[in-house]
Amino acid sequence: MKKRKRFYKNIKRGGSWTEEETGRPIDFADKYIAEEGVYSDKFDYMRPKVKKKRRRKAQARTLLKRLGIAALCLAVMGVGYTAMDVYMIRNSMPDLASAAAEQGGVMNEMRIDLHGAYEDSISLDGSVILESVAESLAAGGYNSVAFDIKRADGTIGYRSALATVNAYSAAAYEAADLRSSAAQLAQQDILTVGVVCCYQDDLIPRRDRALALLDRNGVPLEDSQGRTYLNPQSETVYKYLKDIISEARDMGVSIFLLRGTETPSEGGEYTEHFDELCRRLYADLGTDIKLLRPIDVQVSSSLASRLAGEEDEEKDEEDSQSSYQGGEPTGAAAELLELFDGELSNDSIYVVHSESGADKIKQILEEGGTGAFILDAEQL
């Protein structure tokens with residue numbers, strides 16, 4: 001006989017359990033918990049999704065804003081570093097050690113681009129006056145300063161310990177502390193250039209004929225302006241000049257501008273001794289110094305006034321290009337650059353004399369590519 005299945009009713013439905021409920025309530029019957037503690041919902045794909053467009057747009061705007069700020073900071077830093085590099089390249093002191101290394105360690109053969117100004121010797125006092133001069137040079141964008149070591153009147157422009165200088169009482173208005181001044185200027189990337197008037201001398205020839213350039217009557221030869229000269233053939237004269245340059249070099253001066261290297265004859269003709277003098281000085285003192293030949297350029301008062309007038313016009317007109325149009329100089333600027341015709345040799349430098357317009361002249365020369373020049377600050 002087949003056994004019948006029994007069906008039982010759940011007569012205790014809704015009754016209480018003998019054990020307390022544990023766990024957490026679930027929101028939906030189709031939610032399950034895995035053994036790892038991660039909830040899963042196999043019907044999640046069927047539920048409507050909450051749109052987050054506004055939140056995404058706000059996040060996108062915030063991200064773009066941050067990216068823009070970062071890009072702007074990078075651009076400002078790039079422009080700043082570029083401007084700083086240009087300023088340093090344009091105005092800083094030439095790296096003589098690196099340049100000499102590129103030329104095989106021979107400083108006297110390399111080219112040095114100097115943008116200098118003349119200053120009185122007494123300015124190199126190593127103290128208050130020097131600080132004022134250094135600030136002025138830095139503000140003007142100069143990388144060098146020139147001062148007189150030996151002047152045309154025969155006086156010496158620095159405090160010398162040479163017996164010959166003391167014997168002739170040649171020191172006058174001298175630099176009180178050349179060594180310290182040259183060191184302080186070097187720390188600010190400013191080169192010190194010593195100007196030596198070699199054979200033209202109004203002091204010693206009148207006190208010691210043995211060192212003078214004499215005429216046929218045995219008296220010191222004078223030129224048309226009454227100036228006297230040292231004898232370039234005298235070994236004593238050569239030693240005097242060499243000792244002055246050597247002493248200044250030991251005090252920190254490595255670049256020298258040699259003036260007055262030509263001497264007259266009774267017939268009025270002049271003989272140039274620059275090359276021979278340089279050859280002997282390099283042979284005796286070495287090639288770690290640089291000897292320069294000056295090329296004097298006189299800027300007329302009328303041209304200086306026109307340059308000053310154009311400078312005033314440029315200040316009145318924003319982004320004015322009155323000096324240069326299409327990259328080419330015009331007006332007074334073109335006339336000024338015509339005075340600097342031709343390329344300088346490695347041993348030459350322009351010495352510019354003018355009564356006014358120093359800043360404008362310097363700007364035009366730099367924009368025109370004039371590599372080495374000294375502005376006569378005594379007249380500027």
# chains A, B, ... in the order shown; residues from 1 in each chain; ligands from 1
>>> residues_around(residues="A:Gln298", least_positions_apart="6", cutoff="9 Å", atoms="only C-alpha atoms", output="PyMOL selection string")
chain A and resi 339+351-354
>>> write_last_selection(atoms="N, CA, C and O atoms", output="PDB file, in the first residue's frame")
ATOM      1  N   LEU A 339      79.398 106.171 -36.315  1.00  0.00           N
ATOM      2  CA  LEU A 339      80.687 106.517 -35.712  1.00  0.00           C
ATOM      3  C   LEU A 339      81.460 105.271 -35.291  1.00  0.00           C
ATOM      4  O   LEU A 339      82.655 105.356 -35.005  1.00  0.00           O
ATOM      5  N   VAL A 351      86.219 103.985 -26.723  1.00  0.00           N
ATOM      6  CA  VAL A 351      86.080 104.895 -25.586  1.00  0.00           C
ATOM      7  C   VAL A 351      85.232 106.063 -26.067  1.00  0.00           C
ATOM      8  O   VAL A 351      85.657 106.834 -26.932  1.00  0.00           O
ATOM      9  N   VAL A 352      84.016 106.177 -25.528  1.00  0.00           N
ATOM     10  CA  VAL A 352      83.018 107.123 -26.027  1.00  0.00           C
ATOM     11  C   VAL A 352      83.001 108.363 -25.132  1.00  0.00           C
ATOM     12  O   VAL A 352      82.827 108.259 -23.910  1.00  0.00           O
ATOM     13  N   HIS A 353      83.167 109.519 -25.753  1.00  0.00           N
ATOM     14  CA  HIS A 353      83.137 110.789 -25.028  1.00  0.00           C
ATOM     15  C   HIS A 353      81.890 111.565 -25.459  1.00  0.00           C
ATOM     16  O   HIS A 353      81.640 111.761 -26.651  1.00  0.00           O
ATOM     17  N   SER A 354      81.121 111.977 -24.474  1.00  0.00           N
ATOM     18  CA  SER A 354      79.909 112.751 -24.763  1.00  0.00           C
ATOM     19  C   SER A 354      79.570 113.598 -23.549  1.00  0.00           C
ATOM     20  O   SER A 354      80.004 113.327 -22.431  1.00  0.00           O
TER      21      SER A 354
END
>>> select_by_dssp(residues="stretch 77-316 of chain A", states="alpha helix (DSSP H)", output="VMD selection string")
chain A and resid 77 to 91 96 to 102 128 to 140 163 to 167 178 to 187 204 to 207 235 to 250 274 to 285 301 to 316
>>> closest_residue(among="A:Gln188, A:Ser246, A:Thr263, A:Ser123", to="A:Asn143", atoms="only C-alpha atoms")
A:Gln188
>>> select_by_dssp(residues="stretch 119-328 of chain A", states="strand (DSSP E or B)", output="number ranges by chain")
A: 144-150, 156-158, 171-175, 191-197, 200, 212, 214, 220, 229-230, 255-259, 262-264, 270-272, 290-298, 324-325, 328
>>> closest_residue(among="A:Pro264, A:Asp113, A:Thr236, A:Arg259", to="A:Leu214", atoms="only C-alpha atoms")
A:Pro264
>>> atom_distance(atom1="atom CA of A:Leu203", atom2="atom CA of A:Gly154")
4.9 Å
>>> residues_around(residues="A:Ser169", least_positions_apart="5", cutoff="10 Å", atoms="only C-alpha atoms", output="list in words")
Thr155, Ile156, Ala163, Thr164, Leu203 and Ile204 of chain A
>>> write_last_selection(atoms="C-alpha atoms", output="PDB file, in the first residue's frame")
ATOM      1  CA  THR A 155     100.501 111.270 -12.016  1.00  0.00           C
ATOM      2  CA  ILE A 156      99.680 107.821 -10.632  1.00  0.00           C
ATOM      3  CA  ALA A 163     110.268 103.603  -5.252  1.00  0.00           C
ATOM      4  CA  THR A 164     110.211 105.396  -8.612  1.00  0.00           C
ATOM      5  CA  LEU A 203     105.827 115.140 -15.170  1.00  0.00           C
ATOM      6  CA  ILE A 204     108.912 112.911 -15.435  1.00  0.00           C
TER       7      ILE A 204
END
>>> atom_distance(atom1="atom CA of A:Ala248", atom2="atom CA of A:Arg293")
17.9 Å
>>> closest_residue(among="A:Glu222, A:Glu247, A:Glu272, A:Glu119", to="A:Arg159", atoms="only C-alpha atoms")
A:Glu247
>>> atom_distance(atom1="atom CA of A:Glu262", atom2="atom CA of A:Ile361")
28.6 Å
>>> closest_residue(among="A:Asp223, A:Asp376, A:Ala75, A:Ile245", to="A:Gly157", atoms="only C-alpha atoms")
A:Ile245
>>> residues_around(residues="A:Thr287", least_positions_apart="4", cutoff="8 Å", atoms="only C-alpha atoms", output="PyMOL selection string")
chain A and resi 106-108+282-283
>>> write_last_selection(atoms="N, CA and C atoms", output="PDB file, in the first residue's frame")
ATOM      1  N   VAL A 106      94.892  81.042 -22.915  1.00  0.00           N
ATOM      2  CA  VAL A 106      95.604  82.280 -23.231  1.00  0.00           C
ATOM      3  C   VAL A 106      94.616  83.434 -23.170  1.00  0.00           C
ATOM      4  N   MET A 107      94.653  84.186 -22.087  1.00  0.00           N
ATOM      5  CA  MET A 107      93.688  85.256 -21.886  1.00  0.00           C
ATOM      6  C   MET A 107      93.914  86.414 -22.840  1.00  0.00           C
ATOM      7  N   ASN A 108      95.167  86.671 -23.197  1.00  0.00           N
ATOM      8  CA  ASN A 108      95.453  87.847 -24.018  1.00  0.00           C
ATOM      9  C   ASN A 108      94.940  87.697 -25.444  1.00  0.00           C
ATOM     10  N   TYR A 282     103.625  91.096 -22.462  1.00  0.00           N
ATOM     11  CA  TYR A 282     103.132  89.721 -22.399  1.00  0.00           C
ATOM     12  C   TYR A 282     104.277  88.735 -22.138  1.00  0.00           C
ATOM     13  N   ALA A 283     105.420  88.998 -22.747  1.00  0.00           N
ATOM     14  CA  ALA A 283     106.568  88.110 -22.562  1.00  0.00           C
ATOM     15  C   ALA A 283     107.067  88.142 -21.121  1.00  0.00           C
TER      16      ALA A 283
END
